[in-house]
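The file my_file-v4.txt contains compact mmCIF, C-alpha atoms:
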```txt
# COMPACT_ATOMS: atom_id res chain seq x y z
CA MET A 1 16.07 2.47 4.07
CA VAL A 2 16.54 0.90 7.51
CA LEU A 3 20.31 0.96 7.00
CA ALA A 4 20.20 4.58 5.83
CA ASN A 5 18.06 5.65 8.79
CA SER A 6 20.24 3.73 11.25
CA THR A 7 23.29 5.48 9.84
CA ILE A 8 21.62 8.89 10.16
CA VAL A 9 20.61 8.20 13.76
CA SER A 10 24.10 6.94 14.60
CA VAL A 11 25.64 10.11 13.17
CA SER A 12 23.06 12.17 15.07
CA THR A 13 24.25 10.75 18.38
CA GLN A 14 27.63 12.36 17.73
CA PHE A 15 25.84 15.71 17.71
CA GLY A 16 23.97 15.08 20.95
CA LEU A 17 20.90 13.00 19.99
CA GLY A 18 19.82 10.98 22.98
CA THR A 19 21.18 13.35 25.60
CA HIS A 20 19.19 15.89 27.54
CA ILE A 21 18.73 19.15 25.63
CA ILE A 22 20.64 21.13 28.26
CA PHE A 23 23.79 19.12 27.41
CA VAL A 24 23.48 19.63 23.63
CA PRO A 25 25.60 22.55 22.40
CA GLN A 26 23.39 25.18 20.76
CA THR A 27 25.71 25.21 17.76
CA THR A 28 24.84 21.58 16.91
CA LEU A 29 21.06 22.03 17.02
CA PRO A 30 20.77 23.02 13.33
CA THR A 31 22.79 19.94 12.35
CA LEU A 32 20.56 17.75 14.52
CA GLY A 33 17.50 19.34 12.92
CA LEU A 34 18.80 18.63 9.42
CA LEU A 35 19.64 15.04 10.31
CA ASN A 36 16.16 14.68 11.83
CA ASN A 37 14.60 15.85 8.55
CA PHE A 38 16.64 13.27 6.63
CA SER A 39 15.70 10.58 9.13
CA ALA A 40 11.99 11.39 8.88
CA THR A 41 12.13 11.38 5.08
CA VAL A 42 13.98 8.07 4.89
CA SER A 43 11.58 6.50 7.42
CA ILE A 44 8.53 7.60 5.45
CA ILE A 45 10.01 6.36 2.17
CA GLY A 46 10.92 3.01 3.74
CA ALA A 47 7.42 2.54 5.13
CA VAL A 48 5.67 3.39 1.89
CA TRP A 49 8.05 1.32 -0.25
CA SER A 50 7.51 -1.76 1.90
CA LYS A 51 3.75 -1.49 1.38
CA THR A 52 4.19 -0.70 -2.29
CA SER A 53 6.37 -3.76 -2.85
CA PHE A 54 3.76 -6.01 -1.27
CA ALA A 55 0.99 -4.37 -3.31
CA VAL A 56 3.01 -4.94 -6.49
CA THR A 57 3.31 -8.61 -5.48
CA MET A 58 -0.46 -8.68 -5.06
CA LEU A 59 -0.85 -7.24 -8.57
CA ARG A 60 0.71 -10.41 -9.92
CA VAL A 61 -1.90 -12.67 -8.30
CA LEU A 62 -5.05 -10.54 -8.12
CA PRO A 63 -7.81 -11.12 -10.64
CA GLN A 64 -8.51 -8.36 -13.16
CA GLU A 65 -12.20 -8.10 -12.31
CA GLY A 66 -14.00 -7.13 -9.13
CA ILE A 67 -13.43 -4.46 -6.50
CA PHE A 68 -10.50 -6.38 -5.02
CA GLY A 69 -8.80 -6.62 -8.37
CA ARG A 70 -5.82 -4.88 -9.83
CA LYS A 71 -7.56 -1.48 -9.91
CA PHE A 72 -7.93 -1.58 -6.14
CA ALA A 73 -4.25 -2.50 -5.70
CA TRP A 74 -3.29 0.42 -7.92
CA PHE A 75 -5.56 2.69 -5.86
CA VAL A 76 -3.71 1.58 -2.71
CA ILE A 77 -0.29 2.12 -4.32
CA VAL A 78 -1.10 5.56 -5.73
CA THR A 79 -2.87 6.98 -2.67
CA MET A 80 -0.30 5.65 -0.23
CA ASN A 81 2.62 7.05 -2.20
CA LEU A 82 0.83 10.36 -2.71
CA PHE A 83 -0.24 10.93 0.90
CA MET A 84 3.00 9.70 2.47
CA GLY A 85 5.11 11.45 -0.18
CA LEU A 86 3.41 14.73 0.68
CA SER A 87 4.11 14.10 4.34
CA ALA A 88 7.81 13.67 3.55
CA LEU A 89 7.79 16.74 1.31
CA PHE A 90 6.06 18.90 3.94
CA THR A 91 8.93 18.07 6.33
CA TRP A 92 11.17 20.09 4.03
CA ILE A 93 8.95 22.87 2.67
CA SER A 94 6.98 23.91 5.75
CA CYS A 95 9.18 26.96 6.32
CA ASN A 96 10.38 29.88 4.25
CA PRO A 97 13.32 29.89 3.80
CA ILE A 98 13.61 26.09 3.71
CA GLN A 99 16.66 26.17 6.01
CA LYS A 100 14.35 27.29 8.82
CA THR A 101 12.84 23.78 8.91
CA TRP A 102 16.02 22.55 10.57
CA ASN A 103 17.33 25.81 12.06
CA ARG A 104 14.56 27.36 14.16
CA ASN A 105 16.73 30.35 15.11
CA MET A 106 16.87 31.51 11.51
CA PRO A 107 14.58 34.40 10.52
CA GLY A 108 11.57 33.42 8.44
CA THR A 109 8.09 31.97 8.70
CA CYS A 110 6.74 28.45 9.10
CA TRP A 111 3.35 26.87 8.67
CA ASN A 112 1.15 26.46 11.68
CA PRO A 113 2.60 23.35 13.39
CA ALA A 114 -0.93 22.06 14.07
CA SER A 115 -1.61 21.88 10.31
CA LYS A 116 1.40 19.67 9.66
CA ILE A 117 0.60 17.50 12.68
CA ASP A 118 -3.00 17.09 11.48
CA TYR A 119 -1.82 16.10 8.00
CA ASP A 120 0.76 13.68 9.42
CA ILE A 121 -1.95 12.07 11.56
CA PHE A 122 -4.14 11.73 8.46
CA SER A 123 -1.36 10.22 6.33
CA GLY A 124 -0.29 7.89 9.15
CA THR A 125 -3.88 6.75 9.63
CA TRP A 126 -4.23 6.17 5.88
CA SER A 127 -0.98 4.19 5.91
CA GLY A 128 -2.25 2.04 8.78
CA LEU A 129 -5.56 1.47 7.02
CA MET A 130 -3.70 0.40 3.88
CA ASP A 131 -1.63 -1.99 6.04
CA LEU A 132 -4.83 -3.65 7.19
CA THR A 133 -6.25 -3.69 3.67
CA LEU A 134 -3.11 -5.25 2.23
CA ALA A 135 -3.12 -7.82 5.05
CA LEU A 136 -6.67 -8.87 4.15
CA LEU A 137 -6.16 -9.08 0.38
CA PRO A 138 -4.35 -12.44 0.49
CA TRP A 139 -7.27 -14.03 2.33
CA LYS A 140 -9.60 -13.29 -0.58
CA ILE A 141 -7.12 -14.70 -3.06
CA VAL A 142 -6.03 -17.78 -1.10
CA TRP A 143 -9.50 -18.78 0.02
CA GLY A 144 -10.57 -19.32 -3.59
CA LEU A 145 -7.69 -21.72 -4.34
CA GLN A 146 -8.03 -25.48 -4.50
CA MET A 147 -5.94 -26.39 -1.48
CA LYS A 148 -6.48 -28.07 1.87
CA LYS A 149 -8.08 -25.69 4.35
CA LYS A 150 -5.09 -26.02 6.69
CA GLU A 151 -2.68 -25.01 3.90
CA LYS A 152 -4.89 -22.08 2.88
CA LEU A 153 -4.92 -20.86 6.45
CA GLY A 154 -1.12 -21.12 6.73
CA VAL A 155 -0.50 -19.30 3.44
CA ALA A 156 -3.03 -16.57 4.24
CA ILE A 157 -1.56 -15.98 7.70
CA ALA A 158 1.99 -15.87 6.31
CA MET A 159 1.00 -13.34 3.65
CA SER A 160 -0.81 -11.22 6.24
CA MET A 161 2.12 -10.86 8.64
CA GLY A 162 2.68 -7.30 7.43
CA VAL A 163 -0.17 -6.18 9.66
CA LEU A 164 2.12 -6.73 12.64
```
In structure tokens, write the structure found in this file.
Amino acid sequence: MVLANSTIVSVSTQFGLGTHIIFVPQTTLPTLGLLNNFSATVSIIGAVWSKTSFAVTMLRVLPQEGIFGRKFAWFVIVTMNLFMGLSALFTWISCNPIQKTWNRNMPGTCWNPASKIDYDIFSGTWSGLMDLTLALLPWKIVWGLQMKKKEKLGVAIAMSMGVL
């Protein structure tokens, strides 16, 4: 996803991304808008897949029982993918016709921008909270293992680096 987004951003620079708006030809603005939608979607998918992959790893080592068991990991996976997936979807469907999401000069109607911003703040906050939660899960697992305290600390810190 990083490669895909980097490619999209690189292509966008050919259409004026990174220059002042007064130097961007008006005819390229719809193309820039479309590329921006793709970039946002790919970024969201990349972020949620990175968390999902770590949560799936945790599923392999988490105990079945207790609140921090597999059910909790599945809760994290499902809610993260749902909330962030909706955020990506709303990028595309917030206007009628859909083409208006990347071409603001087109006739049609769009949702109140504040509504989408509020939802994006919510989903971003949820994603950040799940980052912290997934960073703390290894500590619970590792601390119960029969290892030297120094080794436990090293393993737990290494598994929690996703919080950064």
**Message:** I'd like the interatomic distance between CA of Met84 in chain A and CA of Val9 in chain A, to a tenth of an Å.
**Reply:** 21.0 Å
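Put simply, CA of Thr31 in chain A is 26.0 Å away from CA of Ile121 in chain A.
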**Shell of 10 Å around Leu29 in chain A, all atoms listed in the file, local chain residues under 3 positions omitted, as a PyMOL selection string** = chain A and resi 15-17+21+24-26+32-35+102-105
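Straight-line separation from CA of Val11 in chain A to CA of Thr28 in chain A: 12.1 Å.
Nearest residue to Ile141 in chain A among A:Ser53, A:Thr27, A:Arg70, A:Thr101 is A:Arg70, counting only C-alpha atoms.
All polymer residues at most 9 Å from (-1.4, -15.6, -5.2), using all atoms listed in the file, appear as Thr57, Met58, Arg60, Val61, Leu62, Pro138, Ile141, Val142 and Leu145 of chain A.
Using all atoms listed in the file, the protein and nucleic acid residues lying no more than 9 Å from Ser94 in chain A, apart from those fewer than 6 places from it along its own chain, are Lys100, Thr101, Thr109, Cys110, Trp111, Asn112, Pro113 and Lys116 of chain A.
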**Asked** Could you list as a ChimeraX atom specification every residue that has an atom within 12 Å of (20.7, 7.3, 9.6), using the file's coordinates and counting only C-alpha atoms?
**Response** /A:1-14,17,32,34-43
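Distance annotation: of A:Trp49, A:Tyr119, A:Trp143, A:Phe54, the residue with the minimal separation from Ser87 in chain A is A:Tyr119; atom set is all atoms listed in the file.
Between Asp131 in chain A and the candidates A:Ala47, A:Ala114, A:Leu89, A:Ile22, the tightest atom-to-atom separation, counting only C-alpha atoms, involves A:Ala47.
Among the candidates A:Phe122, A:Ser115, A:Met106, A:Ile93, the one nearest to Met80 in chain A when counting only C-alpha atoms is A:Phe122.
In terms of minimum interatomic distance to Lys140 in chain A, A:Met159 ranks closest within A:Lys51, A:Met159, A:Thr125, A:Thr79, counting only C-alpha atoms.
With distances restricted to all atoms listed in the file, A:Leu134 is the closest residue to Ser50 in chain A from A:Gly108, A:Leu134, A:Leu129, A:Gly69.
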As lines of an AutoDock Vina configuration file: centre and edge lengths in Å, one decimal, of the axis-aligned box holding range 151-157 of chain A with 3 Å per side:
```
center_x = -2.7
center_y = -20.5
center_z = 5.3
size_x = 10.4
size_y = 15.0
size_z = 10.8
```
